[in-house]
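Novice: Input: one structure, supplied below.
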Amino acid sequence: MPKLGVRGTATAKLAFQNMFVPSENILGPPGKGLKVALTVLDFGRTTFGACCTGAAKTCLRLATEYARSRRQFGRSLAEFELVQKKLARMAAWTYAMEAMTTSRPD
């Protein structure tokens, strides 16, 4: 199915007609399936953000390692101001992402 966002997951149409479900297999109260589904989606949204934060931290680490090891014009890339600025921006965004996805006790 075409998507606007997350393309890394499989999506398909699924429909049941006149299907019996034993009471022990029903999640939540009968007729409240939408509420159960939305609760699952809310959890997924939170964990997806945390996964993206982890990926961003890895990208920042790899970019920093590359900037330190790669040499150009007799200096490492990490010595160039523009590269430092880009790494700093990456670090700031990653820090903000982590702050938004980390739960803090009240």
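Going by the structure tokens order, chains are called A, B, ..., each with residues numbered from 1, while ligands are numbered from 1 in the order shown.
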Among chain A, which residues does DSSP mark as strand (DSSP E) when it is run on the backbone? Keep the chain and numbering as in the structure and answer as a list in words.

Specialist: Arg71, Gln72, Arg75 and Ser76 of chain A

Novice: Skipping near chain neighbours, those fewer than 3 positions away, what residues fall within 12 Å of Lys86 of chain A using only C-alpha atoms, listed as a VMD selection string?

Specialist: chain A and resid 60 63 to 64 67 77 to 78 80 to 83 89 to 93

Novice: Which residues, written as a PDB file with all heavy atoms, in the first residue's frame, have at least one atom at most 12 Å from segment 46-48 of chain A, with only C-alpha atoms counted and residues fewer than 3 positions away on the same chain left out?

Specialist:
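Writing the result to result08.pdb gives the following:
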ATOM      1  N   VAL A   6       6.553   6.246   7.079  1.00  0.00           N
ATOM      2  CA  VAL A   6       7.375   5.089   7.389  1.00  0.00           C
ATOM      3  C   VAL A   6       7.184   4.017   6.320  1.00  0.00           C
ATOM      4  O   VAL A   6       6.135   3.395   6.217  1.00  0.00           O
ATOM      5  CB  VAL A   6       7.016   4.528   8.775  1.00  0.00           C
ATOM      6  CG1 VAL A   6       7.904   3.348   9.119  1.00  0.00           C
ATOM      7  CG2 VAL A   6       7.120   5.595   9.821  1.00  0.00           C
ATOM      8  N   GLY A   8       9.413   1.446   6.005  1.00  0.00           N
ATOM      9  CA  GLY A   8      10.151   0.259   6.413  1.00  0.00           C
ATOM     10  C   GLY A   8       9.283  -0.830   7.005  1.00  0.00           C
ATOM     11  O   GLY A   8       9.780  -1.877   7.382  1.00  0.00           O
ATOM     12  N   THR A   9       7.990  -0.607   7.100  1.00  0.00           N
ATOM     13  CA  THR A   9       7.094  -1.616   7.643  1.00  0.00           C
ATOM     14  C   THR A   9       6.106  -2.060   6.582  1.00  0.00           C
ATOM     15  O   THR A   9       5.719  -1.289   5.707  1.00  0.00           O
ATOM     16  CB  THR A   9       6.292  -1.064   8.841  1.00  0.00           C
ATOM     17  OG1 THR A   9       5.530   0.056   8.400  1.00  0.00           O
ATOM     18  CG2 THR A   9       7.200  -0.641   9.967  1.00  0.00           C
ATOM     19  N   THR A  39      -4.015   2.926  21.389  1.00  0.00           N
ATOM     20  CA  THR A  39      -3.033   2.793  22.462  1.00  0.00           C
ATOM     21  C   THR A  39      -1.749   2.164  21.926  1.00  0.00           C
ATOM     22  O   THR A  39      -0.641   2.607  22.255  1.00  0.00           O
ATOM     23  CB  THR A  39      -3.602   1.946  23.614  1.00  0.00           C
ATOM     24  OG1 THR A  39      -4.776   2.585  24.108  1.00  0.00           O
ATOM     25  CG2 THR A  39      -2.606   1.782  24.742  1.00  0.00           C
ATOM     26  N   VAL A  40      -1.898   1.139  21.097  1.00  0.00           N
ATOM     27  CA  VAL A  40      -0.733   0.491  20.483  1.00  0.00           C
ATOM     28  C   VAL A  40       0.003   1.481  19.588  1.00  0.00           C
ATOM     29  O   VAL A  40       1.238   1.551  19.603  1.00  0.00           O
ATOM     30  CB  VAL A  40      -1.165  -0.762  19.699  1.00  0.00           C
ATOM     31  CG1 VAL A  40      -0.020  -1.320  18.872  1.00  0.00           C
ATOM     32  CG2 VAL A  40      -1.699  -1.821  20.650  1.00  0.00           C
ATOM     33  N   LEU A  41      -0.731   2.267  18.811  1.00  0.00           N
ATOM     34  CA  LEU A  41      -0.099   3.258  17.936  1.00  0.00           C
ATOM     35  C   LEU A  41       0.646   4.316  18.745  1.00  0.00           C
ATOM     36  O   LEU A  41       1.737   4.741  18.358  1.00  0.00           O
ATOM     37  CB  LEU A  41      -1.146   3.928  17.039  1.00  0.00           C
ATOM     38  CG  LEU A  41      -1.660   3.073  15.890  1.00  0.00           C
ATOM     39  CD1 LEU A  41      -2.787   3.801  15.170  1.00  0.00           C
ATOM     40  CD2 LEU A  41      -0.550   2.732  14.914  1.00  0.00           C
ATOM     41  N   ASP A  42       0.072   4.752  19.853  1.00  0.00           N
ATOM     42  CA  ASP A  42       0.750   5.737  20.703  1.00  0.00           C
ATOM     43  C   ASP A  42       2.080   5.190  21.198  1.00  0.00           C
ATOM     44  O   ASP A  42       3.091   5.899  21.199  1.00  0.00           O
ATOM     45  CB  ASP A  42      -0.130   6.120  21.901  1.00  0.00           C
ATOM     46  CG  ASP A  42      -1.286   7.014  21.491  1.00  0.00           C
ATOM     47  OD1 ASP A  42      -1.233   7.585  20.385  1.00  0.00           O
ATOM     48  OD2 ASP A  42      -2.233   7.133  22.282  1.00  0.00           O
ATOM     49  N   PHE A  43       2.094   3.939  21.619  1.00  0.00           N
ATOM     50  CA  PHE A  43       3.340   3.310  22.071  1.00  0.00           C
ATOM     51  C   PHE A  43       4.342   3.245  20.920  1.00  0.00           C
ATOM     52  O   PHE A  43       5.531   3.536  21.096  1.00  0.00           O
ATOM     53  CB  PHE A  43       3.063   1.914  22.631  1.00  0.00           C
ATOM     54  CG  PHE A  43       4.300   1.214  23.099  1.00  0.00           C
ATOM     55  CD1 PHE A  43       4.905   1.566  24.302  1.00  0.00           C
ATOM     56  CD2 PHE A  43       4.878   0.209  22.336  1.00  0.00           C
ATOM     57  CE1 PHE A  43       6.060   0.929  24.729  1.00  0.00           C
ATOM     58  CE2 PHE A  43       6.028  -0.432  22.761  1.00  0.00           C
ATOM     59  CZ  PHE A  43       6.619  -0.069  23.957  1.00  0.00           C
ATOM     60  N   CYS A  51      14.008   5.120  18.610  1.00  0.00           N
ATOM     61  CA  CYS A  51      14.857   4.429  17.621  1.00  0.00           C
ATOM     62  C   CYS A  51      15.567   5.436  16.727  1.00  0.00           C
ATOM     63  O   CYS A  51      16.757   5.281  16.428  1.00  0.00           O
ATOM     64  CB  CYS A  51      14.021   3.478  16.774  1.00  0.00           C
ATOM     65  SG  CYS A  51      13.444   2.031  17.667  1.00  0.00           S
ATOM     66  N   CYS A  52      14.865   6.468  16.314  1.00  0.00           N
ATOM     67  CA  CYS A  52      15.485   7.506  15.486  1.00  0.00           C
ATOM     68  C   CYS A  52      16.568   8.239  16.261  1.00  0.00           C
ATOM     69  O   CYS A  52      17.594   8.623  15.692  1.00  0.00           O
ATOM     70  CB  CYS A  52      14.424   8.487  14.988  1.00  0.00           C
ATOM     71  SG  CYS A  52      13.311   7.777  13.767  1.00  0.00           S
ATOM     72  N   THR A  53      16.346   8.441  17.547  1.00  0.00           N
ATOM     73  CA  THR A  53      17.363   9.082  18.379  1.00  0.00           C
ATOM     74  C   THR A  53      18.620   8.230  18.436  1.00  0.00           C
ATOM     75  O   THR A  53      19.741   8.738  18.306  1.00  0.00           O
ATOM     76  CB  THR A  53      16.817   9.333  19.804  1.00  0.00           C
ATOM     77  OG1 THR A  53      15.676  10.181  19.707  1.00  0.00           O
ATOM     78  CG2 THR A  53      17.866   9.966  20.691  1.00  0.00           C
ATOM     79  N   GLY A  54      18.456   6.935  18.610  1.00  0.00           N
ATOM     80  CA  GLY A  54      19.608   6.031  18.616  1.00  0.00           C
ATOM     81  C   GLY A  54      20.351   6.059  17.290  1.00  0.00           C
ATOM     82  O   GLY A  54      21.590   6.079  17.258  1.00  0.00           O
ATOM     83  N   ALA A  55      19.609   6.095  16.194  1.00  0.00           N
ATOM     84  CA  ALA A  55      20.245   6.171  14.874  1.00  0.00           C
ATOM     85  C   ALA A  55      20.996   7.487  14.709  1.00  0.00           C
ATOM     86  O   ALA A  55      22.104   7.516  14.164  1.00  0.00           O
ATOM     87  CB  ALA A  55      19.193   6.007  13.783  1.00  0.00           C
ATOM     88  N   MET A  97      16.672  15.619  20.446  1.00  0.00           N
ATOM     89  CA  MET A  97      15.904  14.395  20.212  1.00  0.00           C
ATOM     90  C   MET A  97      15.914  13.508  21.447  1.00  0.00           C
ATOM     91  O   MET A  97      14.882  12.976  21.860  1.00  0.00           O
ATOM     92  CB  MET A  97      16.474  13.617  19.019  1.00  0.00           C
ATOM     93  CG  MET A  97      16.247  14.272  17.682  1.00  0.00           C
ATOM     94  SD  MET A  97      17.162  13.457  16.353  1.00  0.00           S
ATOM     95  CE  MET A  97      16.365  11.871  16.307  1.00  0.00           C
ATOM     96  N   GLU A  98      17.087  13.368  22.045  1.00  0.00           N
ATOM     97  CA  GLU A  98      17.202  12.524  23.232  1.00  0.00           C
ATOM     98  C   GLU A  98      16.398  13.104  24.396  1.00  0.00           C
ATOM     99  O   GLU A  98      15.741  12.387  25.135  1.00  0.00           O
ATOM    100  CB  GLU A  98      18.670  12.360  23.621  1.00  0.00           C
ATOM    101  CG  GLU A  98      18.872  11.367  24.739  1.00  0.00           C
ATOM    102  CD  GLU A  98      20.346  11.078  24.988  1.00  0.00           C
ATOM    103  OE1 GLU A  98      21.207  11.932  24.689  1.00  0.00           O
ATOM    104  OE2 GLU A  98      20.633   9.977  25.480  1.00  0.00           O
ATOM    105  N   MET A 100      13.721  14.816  24.196  1.00  0.00           N
ATOM    106  CA  MET A 100      12.281  14.641  23.952  1.00  0.00           C
ATOM    107  C   MET A 100      11.823  13.195  24.099  1.00  0.00           C
ATOM    108  O   MET A 100      10.643  12.951  24.347  1.00  0.00           O
ATOM    109  CB  MET A 100      11.918  15.151  22.555  1.00  0.00           C
ATOM    110  CG  MET A 100      11.973  16.668  22.459  1.00  0.00           C
ATOM    111  SD  MET A 100      11.327  17.279  20.908  1.00  0.00           S
ATOM    112  CE  MET A 100      12.650  16.910  19.789  1.00  0.00           C
ATOM    113  N   THR A 101      12.723  12.245  23.958  1.00  0.00           N
ATOM    114  CA  THR A 101      12.302  10.840  24.024  1.00  0.00           C
ATOM    115  C   THR A 101      12.651  10.170  25.342  1.00  0.00           C
ATOM    116  O   THR A 101      12.223   9.055  25.577  1.00  0.00           O
ATOM    117  CB  THR A 101      12.938  10.021  22.879  1.00  0.00           C
ATOM    118  OG1 THR A 101      14.350  10.137  22.938  1.00  0.00           O
ATOM    119  CG2 THR A 101      12.429  10.472  21.533  1.00  0.00           C
ATOM    120  N   THR A 102      13.413  10.846  26.194  1.00  0.00           N
ATOM    121  CA  THR A 102      13.778  10.264  27.483  1.00  0.00           C
ATOM    122  C   THR A 102      12.734  10.632  28.508  1.00  0.00           C
ATOM    123  O   THR A 102      12.421  11.806  28.681  1.00  0.00           O
ATOM    124  CB  THR A 102      15.164  10.778  27.929  1.00  0.00           C
ATOM    125  OG1 THR A 102      16.099  10.473  26.907  1.00  0.00           O
ATOM    126  CG2 THR A 102      15.590  10.117  29.211  1.00  0.00           C
ATOM    127  N   SER A 103      12.178   9.637  29.175  1.00  0.00           N
ATOM    128  CA  SER A 103      11.188   9.928  30.213  1.00  0.00           C
ATOM    129  C   SER A 103      11.909  10.269  31.505  1.00  0.00           C
ATOM    130  O   SER A 103      12.888   9.627  31.879  1.00  0.00           O
ATOM    131  CB  SER A 103      10.246   8.753  30.407  1.00  0.00           C
ATOM    132  OG  SER A 103      10.961   7.628  30.854  1.00  0.00           O
TER     133      SER A 103
END

Novice: A:Val21, A:Ala12, A:Ala96, A:Leu87: which is nearest Arg61 of chain A, counting only C-alpha atoms?

Specialist: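 Using only C-alpha atoms, Arg61 of chain A sits closest to A:Leu87.
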
Novice: Between atom CA of Thr94 of chain A and atom CA of Lys57 of chain A, measure the distance and give it in Å to one decimal.

Specialist: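 Taking atom CA of Thr94 of chain A as the start and atom CA of Lys57 of chain A as the end point, the length is 6.3 Å.
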
Novice: So how many Å separate atom CA of Ala50 of chain A and atom CA of Gln84 of chain A, to one decimal?

Specialist: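 Between atom CA of Ala50 of chain A and atom CA of Gln84 of chain A the gap is 25.6 Å.
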
Novice: Just how far from atom CA of Pro30 of chain A is atom CA of Lys13 of chain A, in Å to one decimal?

Specialist: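 Between these atoms lies a distance of 21.9 Å.
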
Novice: Would you please work out which residue, of A:Ala99, A:Thr11, A:Leu34, A:Asn25, is nearest to Gly49 of chain A when using only C-alpha atoms?

Specialist: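 Checking each of A:Ala99, A:Thr11, A:Leu34, A:Asn25 against Gly49 of chain A, counting only C-alpha atoms, the winner is A:Ala99.
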